[in-house]
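Below is input.json, which holds JSON, C-alpha atoms.
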```json
[["chain", "number", "residue", "atom", "x", "y", "z"],
["D", 293, "MET", "CA", 120.84, 144.02, 98.90],
["D", 294, "LYS", "CA", 121.05, 141.36, 96.21],
["D", 295, "LEU", "CA", 119.37, 137.97, 96.50],
["D", 296, "GLU", "CA", 120.23, 134.88, 94.56],
["D", 297, "TYR", "CA", 117.90, 131.90, 94.24],
["D", 298, "GLU", "CA", 119.59, 128.70, 95.25],
["D", 299, "GLN", "CA", 116.57, 126.45, 95.56],
["D", 300, "VAL", "CA", 112.92, 126.67, 94.69],
["D", 301, "HIS", "CA", 110.19, 124.52, 96.11],
["D", 302, "CYS", "CA", 106.41, 124.68, 96.13],
["D", 303, "VAL", "CA", 105.00, 125.41, 99.57],
["D", 304, "PHE", "CA", 101.36, 125.92, 98.67],
["D", 305, "SER", "CA", 98.98, 125.69, 95.79],
["D", 306, "TRP", "CA", 96.00, 127.84, 94.91],
["D", 307, "ALA", "CA", 93.24, 127.98, 92.37],
["D", 308, "TRP", "CA", 90.78, 130.50, 91.04],
["D", 309, "ASP", "CA", 87.61, 130.28, 93.04],
["D", 310, "ILE", "CA", 85.44, 129.86, 89.94],
["D", 311, "GLY", "CA", 82.60, 128.47, 92.06],
["D", 312, "ASN", "CA", 81.48, 132.03, 92.83],
["D", 313, "VAL", "CA", 81.81, 133.69, 89.47],
["D", 314, "GLU", "CA", 78.95, 136.10, 90.14],
["D", 315, "ASP", "CA", 80.43, 137.44, 93.38],
["D", 316, "HIS", "CA", 83.70, 138.05, 91.63],
["D", 317, "GLY", "CA", 81.93, 139.83, 88.83],
["D", 318, "VAL", "CA", 80.65, 142.38, 91.32],
["D", 319, "THR", "CA", 84.06, 142.79, 92.90],
["D", 320, "SER", "CA", 86.01, 143.23, 89.74],
["D", 321, "SER", "CA", 83.50, 145.49, 88.00],
["D", 322, "ASN", "CA", 84.95, 148.30, 90.11],
["D", 323, "GLY", "CA", 88.43, 147.64, 88.83],
["D", 324, "VAL", "CA", 89.84, 149.50, 85.86],
["D", 325, "VAL", "CA", 91.15, 147.22, 83.12],
["D", 326, "GLY", "CA", 94.90, 147.17, 83.19],
["D", 327, "GLY", "CA", 95.11, 149.37, 86.25],
["D", 328, "GLY", "CA", 93.01, 147.59, 88.85],
["D", 329, "GLY", "CA", 95.14, 144.50, 89.21],
["D", 330, "GLU", "CA", 96.03, 145.02, 92.79],
["D", 331, "ALA", "CA", 92.53, 145.93, 93.88],
["D", 332, "ASP", "CA", 91.18, 142.82, 92.17],
["D", 333, "GLU", "CA", 93.61, 140.61, 93.96],
["D", 334, "VAL", "CA", 92.65, 142.01, 97.33],
["D", 335, "GLY", "CA", 89.00, 141.59, 96.46],
["D", 336, "ALA", "CA", 89.53, 137.99, 95.40],
["D", 337, "ILE", "CA", 91.40, 137.09, 98.56],
["D", 338, "GLY", "CA", 88.72, 138.67, 100.69],
["D", 339, "ALA", "CA", 86.03, 136.76, 98.85],
["D", 340, "LEU", "CA", 87.87, 133.49, 99.35],
["D", 341, "GLY", "CA", 88.25, 134.03, 103.07],
["D", 342, "GLY", "CA", 84.66, 135.15, 103.43],
["D", 343, "ASN", "CA", 83.31, 132.08, 101.67],
["D", 344, "GLY", "CA", 84.90, 129.92, 104.29],
["D", 345, "ARG", "CA", 85.88, 127.34, 101.75],
["D", 346, "PRO", "CA", 86.70, 124.12, 103.59],
["D", 347, "SER", "CA", 90.46, 123.82, 103.82],
["D", 348, "GLU", "CA", 90.35, 120.11, 103.14],
["D", 349, "ALA", "CA", 88.09, 120.00, 100.13],
["D", 350, "ASP", "CA", 89.00, 117.15, 97.85],
["D", 351, "ASP", "CA", 91.04, 119.27, 95.49],
["D", 352, "ASP", "CA", 93.25, 120.54, 98.30],
["D", 353, "VAL", "CA", 94.58, 117.19, 99.41],
["D", 354, "CYS", "CA", 97.24, 114.87, 98.08],
["D", 355, "GLY", "CA", 95.48, 112.25, 95.94],
["D", 356, "ILE", "CA", 97.53, 109.52, 97.58],
["D", 357, "CYS", "CA", 97.64, 110.17, 101.33],
["D", 358, "ARG", "CA", 94.64, 112.56, 101.46],
["D", 359, "ALA", "CA", 96.52, 114.93, 103.74],
["D", 360, "SER", "CA", 96.44, 118.62, 102.91],
["D", 361, "TYR", "CA", 98.91, 120.04, 100.41],
["D", 362, "ASN", "CA", 99.86, 122.47, 103.16],
["D", 363, "GLY", "CA", 100.81, 119.60, 105.45],
["D", 364, "THR", "CA", 103.28, 116.80, 105.02],
["D", 365, "CYS", "CA", 103.04, 113.23, 103.83],
["D", 366, "PRO", "CA", 102.23, 110.74, 106.62],
["D", 367, "ALA", "CA", 105.92, 109.87, 107.08],
["D", 368, "CYS", "CA", 107.13, 113.43, 107.72],
["D", 369, "LYS", "CA", 106.58, 115.78, 110.64],
["D", 370, "PHE", "CA", 107.50, 119.17, 109.21],
["D", 371, "PRO", "CA", 106.44, 120.69, 105.90],
["D", 372, "GLY", "CA", 109.06, 122.40, 103.79],
["D", 373, "ASP", "CA", 112.22, 121.37, 102.01],
["D", 374, "GLU", "CA", 112.10, 117.80, 103.22],
["D", 375, "CYS", "CA", 108.57, 117.06, 102.08],
["D", 376, "PRO", "CA", 107.66, 119.27, 99.11],
["D", 377, "LEU", "CA", 104.89, 118.90, 96.56],
["D", 378, "VAL", "CA", 105.61, 117.94, 92.99],
["D", 379, "VAL", "CA", 103.48, 118.54, 89.94],
["D", 380, "GLY", "CA", 103.27, 116.14, 87.01],
["D", 381, "GLU", "CA", 102.99, 116.81, 83.28],
["D", 382, "CYS", "CA", 99.36, 115.76, 83.79],
["D", 383, "ASN", "CA", 98.96, 118.60, 86.35],
["D", 384, "HIS", "CA", 98.31, 116.24, 89.26],
["D", 385, "ASN", "CA", 100.06, 117.18, 92.50],
["D", 386, "PHE", "CA", 101.39, 114.90, 95.20],
["D", 387, "HIS", "CA", 103.74, 114.98, 98.15],
["D", 388, "VAL", "CA", 107.08, 113.96, 96.69],
["D", 389, "HIS", "CA", 107.34, 111.02, 99.09],
["D", 390, "CYS", "CA", 103.86, 109.73, 98.27],
["D", 391, "ILE", "CA", 104.34, 109.65, 94.49],
["D", 392, "GLN", "CA", 107.86, 108.27, 94.75],
["D", 393, "GLN", "CA", 106.71, 105.47, 97.02],
["D", 394, "TRP", "CA", 103.93, 104.64, 94.57],
["D", 395, "LEU", "CA", 106.26, 104.64, 91.58],
["D", 396, "THR", "CA", 108.51, 102.07, 93.29],
["D", 397, "THR", "CA", 105.67, 99.53, 93.34],
["D", 398, "ALA", "CA", 105.23, 97.05, 90.51],
["D", 399, "THR", "CA", 101.52, 97.85, 90.26],
["D", 400, "ALA", "CA", 102.26, 101.49, 89.45],
["D", 401, "ARG", "CA", 103.84, 100.72, 86.07],
["D", 402, "GLY", "CA", 105.04, 104.31, 86.14],
["D", 403, "LEU", "CA", 101.50, 105.70, 85.96],
["D", 404, "CYS", "CA", 99.88, 108.67, 87.68],
["D", 405, "PRO", "CA", 97.40, 107.41, 90.32],
["D", 406, "MET", "CA", 94.79, 109.95, 89.26],
["D", 407, "CYS", "CA", 94.73, 109.71, 85.46],
["D", 408, "ARG", "CA", 96.87, 106.63, 84.75],
["D", 409, "GLN", "CA", 99.00, 108.50, 82.29],
["D", 410, "ARG", "CA", 102.72, 107.97, 82.49],
["D", 411, "PHE", "CA", 103.88, 110.15, 85.39],
["D", 412, "ALA", "CA", 106.58, 112.67, 84.50],
["D", 413, "LEU", "CA", 107.58, 115.83, 86.30],
["D", 414, "LYS", "CA", 106.18, 118.95, 84.72],
["D", 415, "ARG", "CA", 108.79, 120.57, 82.57],
["D", 416, "GLY", "CA", 109.98, 123.94, 83.75],
["D", 417, "VAL", "CA", 109.01, 123.40, 87.39],
["D", 418, "ARG", "CA", 112.17, 123.06, 89.42],
["D", 419, "ILE", "CA", 112.49, 120.73, 92.36],
["D", 420, "ASN", "CA", 115.39, 120.18, 94.72],
["D", 421, "ALA", "CA", 118.26, 118.13, 93.36],
["D", 422, "PRO", "CA", 117.98, 115.01, 95.57],
["D", 423, "HIS", "CA", 114.29, 114.59, 94.72],
["D", 424, "ALA", "CA", 114.93, 115.19, 91.03],
["D", 425, "THR", "CA", 117.68, 112.56, 91.05],
["D", 426, "ARG", "CA", 115.33, 110.05, 92.66],
["D", 427, "PHE", "CA", 112.76, 110.62, 89.91],
["D", 428, "GLU", "CA", 115.42, 110.02, 87.28],
["D", 429, "GLN", "CA", 116.35, 106.77, 89.02],
["D", 430, "LEU", "CA", 112.73, 105.66, 89.12],
["D", 431, "ALA", "CA", 112.23, 106.44, 85.44],
["D", 432, "GLN", "CA", 115.41, 104.51, 84.63],
["D", 433, "GLU", "CA", 114.31, 101.47, 86.66],
["D", 434, "ARG", "CA", 110.95, 101.55, 84.91],
["D", 435, "ASP", "CA", 112.55, 101.67, 81.48],
["D", 436, "ASP", "CA", 114.77, 98.73, 82.46],
["D", 437, "ASP", "CA", 111.67, 96.78, 83.44],
["D", 438, "TYR", "CA", 110.12, 97.48, 80.06],
["D", 439, "MET", "CA", 113.24, 96.22, 78.34],
["D", 440, "GLU", "CA", 113.03, 92.95, 80.28],
["D", 441, "GLU", "CA", 109.39, 92.44, 79.27],
["X", 811, "MET", "CA", 100.09, 104.50, 110.91],
["X", 812, "ALA", "CA", 99.18, 107.71, 112.71],
["X", 813, "SER", "CA", 97.44, 109.05, 109.64],
["X", 814, "LEU", "CA", 95.30, 106.01, 109.09],
["X", 815, "PRO", "CA", 92.16, 106.90, 111.03],
["X", 816, "LYS", "CA", 92.01, 110.35, 109.49],
["X", 817, "ARG", "CA", 92.36, 109.27, 105.90],
["X", 818, "ILE", "CA", 89.81, 106.56, 106.13],
["X", 819, "ILE", "CA", 87.29, 106.94, 108.86],
["X", 820, "LYS", "CA", 86.55, 110.60, 108.32],
["X", 821, "ARG", "CA", 85.19, 110.20, 104.82],
["X", 822, "LEU", "CA", 83.37, 106.97, 105.52],
["X", 823, "VAL", "CA", 81.50, 108.35, 108.48],
["X", 824, "SER", "CA", 80.86, 111.88, 107.27],
["X", 825, "ASP", "CA", 79.95, 110.99, 103.73],
["X", 826, "PRO", "CA", 78.34, 107.54, 103.59],
["X", 827, "VAL", "CA", 77.45, 105.83, 100.33],
["X", 828, "PRO", "CA", 73.81, 104.74, 99.93],
["X", 829, "GLY", "CA", 73.47, 100.98, 100.24],
["X", 830, "ILE", "CA", 76.99, 100.49, 101.61],
["X", 831, "THR", "CA", 78.24, 100.47, 105.19],
["X", 832, "ALA", "CA", 81.78, 99.96, 106.48],
["X", 833, "GLU", "CA", 82.67, 99.96, 110.15],
["X", 834, "PRO", "CA", 86.16, 99.58, 111.52],
["X", 835, "HIS", "CA", 86.65, 96.88, 114.12],
["X", 836, "GLU", "CA", 87.13, 98.24, 117.65],
["X", 837, "ASP", "CA", 90.30, 96.27, 118.27],
["X", 838, "ASN", "CA", 91.81, 96.68, 114.83],
["X", 839, "LEU", "CA", 91.22, 99.83, 112.83],
["X", 840, "ARG", "CA", 92.54, 98.13, 109.70],
["X", 841, "TYR", "CA", 89.76, 95.58, 109.75],
["X", 842, "PHE", "CA", 86.31, 96.62, 108.52],
["X", 843, "GLN", "CA", 82.96, 94.93, 108.59],
["X", 844, "VAL", "CA", 81.18, 95.82, 105.38],
["X", 845, "THR", "CA", 77.66, 95.42, 104.06],
["X", 846, "ILE", "CA", 76.60, 95.97, 100.48],
["X", 847, "GLU", "CA", 73.00, 95.98, 99.30],
["X", 848, "GLY", "CA", 72.39, 94.09, 96.08],
["X", 849, "PRO", "CA", 71.75, 96.55, 93.23],
["X", 850, "GLN", "CA", 68.16, 97.01, 92.03],
["X", 851, "GLN", "CA", 67.22, 95.04, 88.93],
["X", 852, "SER", "CA", 70.06, 92.61, 89.51],
["X", 853, "PRO", "CA", 69.66, 89.00, 90.70],
["X", 854, "TYR", "CA", 71.01, 90.24, 94.04],
["X", 855, "GLU", "CA", 68.36, 92.91, 94.72],
["X", 856, "ASN", "CA", 66.80, 92.95, 98.20],
["X", 857, "GLY", "CA", 69.84, 91.07, 99.52],
["X", 858, "VAL", "CA", 72.34, 92.41, 102.03],
["X", 859, "PHE", "CA", 75.81, 90.95, 101.64],
["X", 860, "HIS", "CA", 78.42, 90.92, 104.37],
["X", 861, "LEU", "CA", 82.07, 91.36, 103.49],
["X", 862, "GLU", "CA", 85.31, 91.79, 105.36],
["X", 863, "LEU", "CA", 87.87, 94.37, 104.32],
["X", 864, "PHE", "CA", 91.44, 94.52, 105.54],
["X", 865, "LEU", "CA", 93.94, 97.30, 104.89],
["X", 866, "PRO", "CA", 97.47, 95.89, 104.52],
["X", 867, "ASP", "CA", 100.38, 97.77, 106.08],
["X", 868, "ASP", "CA", 101.29, 99.16, 102.67],
["X", 869, "TYR", "CA", 97.85, 100.65, 102.02],
["X", 870, "PRO", "CA", 97.29, 102.85, 100.02],
["X", 871, "MET", "CA", 100.25, 101.66, 97.96],
["X", 872, "GLU", "CA", 98.67, 98.23, 98.02],
["X", 873, "ALA", "CA", 94.96, 97.44, 97.48],
["X", 874, "PRO", "CA", 92.72, 96.56, 100.40],
["X", 875, "LYS", "CA", 91.91, 92.88, 100.77],
["X", 876, "VAL", "CA", 88.19, 92.29, 100.40],
["X", 877, "ARG", "CA", 86.21, 89.08, 100.69],
["X", 878, "PHE", "CA", 82.52, 88.15, 100.67],
["X", 879, "LEU", "CA", 81.41, 86.45, 103.87],
["X", 880, "THR", "CA", 77.87, 85.89, 102.59],
["X", 881, "LYS", "CA", 77.48, 83.04, 100.10],
["X", 882, "ILE", "CA", 76.81, 84.44, 96.64],
["X", 883, "TYR", "CA", 76.24, 82.91, 93.22],
["X", 884, "HIS", "CA", 78.34, 85.10, 90.93],
["X", 885, "PRO", "CA", 80.82, 84.19, 88.15],
["X", 886, "ASN", "CA", 83.50, 86.57, 89.49],
["X", 887, "ILE", "CA", 83.24, 85.55, 93.15],
["X", 888, "ASP", "CA", 84.35, 82.10, 94.25],
["X", 889, "ARG", "CA", 83.08, 79.86, 97.05],
["X", 890, "LEU", "CA", 85.62, 81.34, 99.46],
["X", 891, "GLY", "CA", 84.24, 84.79, 98.75],
["X", 892, "ARG", "CA", 87.31, 85.94, 96.84],
["X", 893, "ILE", "CA", 86.59, 88.60, 94.25],
["X", 894, "CYS", "CA", 87.97, 88.88, 90.73],
["X", 895, "LEU", "CA", 88.10, 92.61, 90.13],
["X", 896, "ASP", "CA", 90.89, 94.45, 88.30],
["X", 897, "VAL", "CA", 91.05, 97.43, 90.68],
["X", 898, "LEU", "CA", 91.77, 95.05, 93.56],
["X", 899, "LYS", "CA", 94.72, 93.56, 91.70],
["X", 900, "THR", "CA", 96.62, 94.89, 88.68],
["X", 901, "ASN", "CA", 94.67, 98.11, 88.26],
["X", 902, "TRP", "CA", 94.89, 99.30, 91.85],
["X", 903, "SER", "CA", 95.68, 102.98, 92.32],
["X", 904, "PRO", "CA", 96.39, 104.77, 95.62],
["X", 905, "ALA", "CA", 93.91, 107.42, 94.50],
["X", 906, "LEU", "CA", 91.18, 104.82, 95.05],
["X", 907, "GLN", "CA", 89.58, 104.66, 98.46],
["X", 908, "ILE", "CA", 87.55, 102.20, 100.45],
["X", 909, "ARG", "CA", 84.39, 103.87, 99.22],
["X", 910, "THR", "CA", 85.35, 103.64, 95.55],
["X", 911, "VAL", "CA", 86.45, 100.03, 95.94],
["X", 912, "LEU", "CA", 83.14, 99.11, 97.55],
["X", 913, "LEU", "CA", 81.25, 100.96, 94.82],
["X", 914, "SER", "CA", 83.18, 98.94, 92.23],
["X", 915, "ILE", "CA", 82.17, 95.74, 93.99],
["X", 916, "GLN", "CA", 78.54, 96.86, 94.01],
["X", 917, "ALA", "CA", 78.85, 97.57, 90.28],
["X", 918, "LEU", "CA", 80.28, 94.08, 89.78],
["X", 919, "LEU", "CA", 77.10, 92.68, 91.31],
["X", 920, "ALA", "CA", 75.09, 94.68, 88.79],
["X", 921, "SER", "CA", 77.11, 93.40, 85.84],
["X", 922, "PRO", "CA", 78.57, 89.91, 86.26],
["X", 923, "ASN", "CA", 81.26, 89.08, 83.72],
["X", 924, "PRO", "CA", 81.30, 85.33, 82.98],
["X", 925, "ASN", "CA", 84.02, 85.79, 80.35],
["X", 926, "ASP", "CA", 86.59, 86.60, 83.04],
["X", 927, "PRO", "CA", 85.58, 84.04, 85.64],
["X", 928, "LEU", "CA", 86.88, 83.20, 89.06],
["X", 929, "ALA", "CA", 84.25, 80.60, 89.88],
["X", 930, "ASN", "CA", 84.52, 78.46, 86.75],
["X", 931, "ASP", "CA", 81.47, 76.31, 87.33],
["X", 932, "VAL", "CA", 79.27, 79.35, 87.93],
["X", 933, "ALA", "CA", 80.65, 81.11, 84.84],
["X", 934, "GLU", "CA", 79.98, 78.07, 82.69],
["X", 935, "ASP", "CA", 76.45, 77.86, 84.00],
["X", 936, "TRP", "CA", 76.07, 81.60, 83.32],
["X", 937, "ILE", "CA", 77.20, 81.28, 79.71],
["X", 938, "GLN", "CA", 75.24, 78.12, 78.89],
["X", 939, "ASN", "CA", 72.02, 78.87, 80.74],
["X", 940, "GLU", "CA", 71.85, 82.51, 81.73],
["X", 941, "ASP", "CA", 68.21, 82.48, 82.84],
["X", 942, "GLY", "CA", 68.82, 79.45, 85.03],
["X", 943, "ALA", "CA", 71.98, 80.97, 86.52],
["X", 944, "ILE", "CA", 70.17, 84.20, 87.32],
["X", 945, "ALA", "CA", 67.37, 82.21, 88.95],
["X", 946, "THR", "CA", 69.95, 80.40, 91.09],
["X", 947, "ALA", "CA", 71.57, 83.72, 92.02],
["X", 948, "ARG", "CA", 68.16, 85.05, 93.10],
["X", 949, "GLU", "CA", 67.48, 81.94, 95.13],
["X", 950, "TRP", "CA", 70.87, 82.16, 96.89],
["X", 951, "THR", "CA", 70.26, 85.84, 97.58],
["X", 952, "LYS", "CA", 66.91, 85.04, 99.19],
["X", 953, "ARG", "CA", 68.40, 82.21, 101.22],
["X", 954, "TYR", "CA", 71.75, 83.62, 102.35],
["X", 955, "ALA", "CA", 71.65, 87.41, 102.00],
["X", 956, "LYS", "CA", 68.75, 88.11, 104.30],
["X", 957, "PRO", "CA", 68.54, 91.68, 105.59],
["X", 958, "ASN", "CA", 68.52, 91.72, 109.38]]
```
Show this structure as structure tokens.
Amino acid sequence: MKLEYEQVHCVFSWAWDIGNVEDHGVTSSNGVVGGGGEADEVGAIGALGGNGRPSEADDDVCGICRASYNGTCPACKFPGDECPLVVGECNHNFHVHCIQQWLTTATARGLCPMCRQRFALKRGVRINAPHATRFEQLAQERDDDYMEE
Amino acid sequence: MASLPKRIIKRLVSDPVPGITAEPHEDNLRYFQVTIEGPQQSPYENGVFHLELFLPDDYPMEAPKVRFLTKIYHPNIDRLGRICLDVLKTNWSPALQIRTVLLSIQALLASPNPNDPLANDVAEDWIQNEDGAIATAREWTKRYAKPN
């Protein structure tokens, strides 16, 4: 069977659990360099689950609506295609609806809410066409505003 | 609307900030009664200031509206209790929260900025006679910002 990608969207995010470096050291010391990849991954996942890391720690929520990355923005009911996450050049993630709503405000001035750098989609990360088009529109409107000033 | 209590109340209740309280009104969850303790070593120390905070419908896209209810002698706070603070106006970001806003206001009490005044008469007094202005601020704190 042959599969072709038509669309790609981010459904979850993850990070290295660097808070427990020592535990991981023990786990991975059993692995053979270059050959223990799979074993290490299993070990890491087990360690994460065992640590019981709170699912809504600050770094796991949208910086705008504070709902989990795994959930939706406050306006949507179902996660998935309709309400994906986007990642900026600055590596800050938001629900697409949250960041787009922010960028339509005059106060935003096109800036990322977290770092106040100009918000642009991270290059090389694909998002669905309608969302991408909306970002282009927003960038265009912002540039027009600059021209007027 | 449905997400409002979760976003706000959870953090405020589970993770309070020392010297700051914020309680939502029973009838209106967007309306908070706030108290801020005057920072140590400022003219406002030992005072407890009451404020009201209201979350507009567009929050967090729009900043909360905050106002001092307790009279205060401060160059960036006028006689109606309105506050001149950039994060409440042009520098608002939806990544800010009630707690960070209230911390900013507490920091404003610790470092008044008479060069960007809202209460012009107070700012003038502050620039021309800083010791006198600070004495007045202390006196007002003692008189109006009594801890209960």
Worksheet, complete the sentence: For D:His389, the closest of D:Gly402, D:Arg358, D:His423, D:Gln409 counting all atoms listed in the file is D:His423
Practice prompt. Show me which bits of chain D are within 8 Å of chain X, counting all atoms listed in the file, as a ChimeraX atom specification.
Written response: /D:355-359,366,393-394,397,399-400,405-406
Save out the residues we just selected, C-alpha atoms, as a tab-separated table (two decimals), in the coordinates of the input.
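Below is the file that was written, again-v3.tsv:
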```tsv
chain	number	residue	atom	x	y	z
D	355	GLY	CA	95.48	112.25	95.94
D	356	ILE	CA	97.53	109.52	97.58
D	357	CYS	CA	97.64	110.17	101.33
D	358	ARG	CA	94.64	112.56	101.46
D	359	ALA	CA	96.52	114.93	103.74
D	366	PRO	CA	102.23	110.74	106.62
D	393	GLN	CA	106.71	105.47	97.02
D	394	TRP	CA	103.93	104.64	94.57
D	397	THR	CA	105.67	99.53	93.34
D	399	THR	CA	101.52	97.85	90.26
D	400	ALA	CA	102.26	101.49	89.45
D	405	PRO	CA	97.40	107.41	90.32
D	406	MET	CA	94.79	109.95	89.26
```
Worksheet item: Leaving out D:Arg418 and any residue of its chain fewer than 2 positions from it, which residues lie within 8 Å of it when counting only C-alpha atoms, given as a PyMOL selection string?
Response: chain D and resi 300-301+416+420
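Residue nearest D:Ala421 within the list D:Pro376, D:Met293, D:Gln299, D:Cys382: D:Gln299 [criterion: smallest interatomic distance, all atoms listed in the file].
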Worksheet item: Near D:Phe411, counting only C-alpha atoms, which residues have an atom at most 7 Å away, once you skip same-chain residues fewer than 6 positions from it, shown as a ChimeraX atom specification?
Response: /D:380,402-404
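Ranking D:Cys407, D:Asp435, D:Leu295, D:Val303 by their shortest atom-to-atom distance to D:Cys375, with all atoms listed in the file included, puts D:Val303 first.
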Item to complete: To one decimal in Å, tell me the separation between atom CA of X:Asp896 and atom CA of X:Arg909.
Response: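 Pair atom CA of X:Asp896 / atom CA of X:Arg909 returns 15.8 Å.
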Discussion item. Calculated over only C-alpha atoms, which of the candidates X:Ala832, X:Leu839, X:Ala943, X:Leu928 has the smallest distance to X:Pro885?
Written reply: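 Of the candidates, the smallest distance to X:Pro885 is held by X:Leu928.
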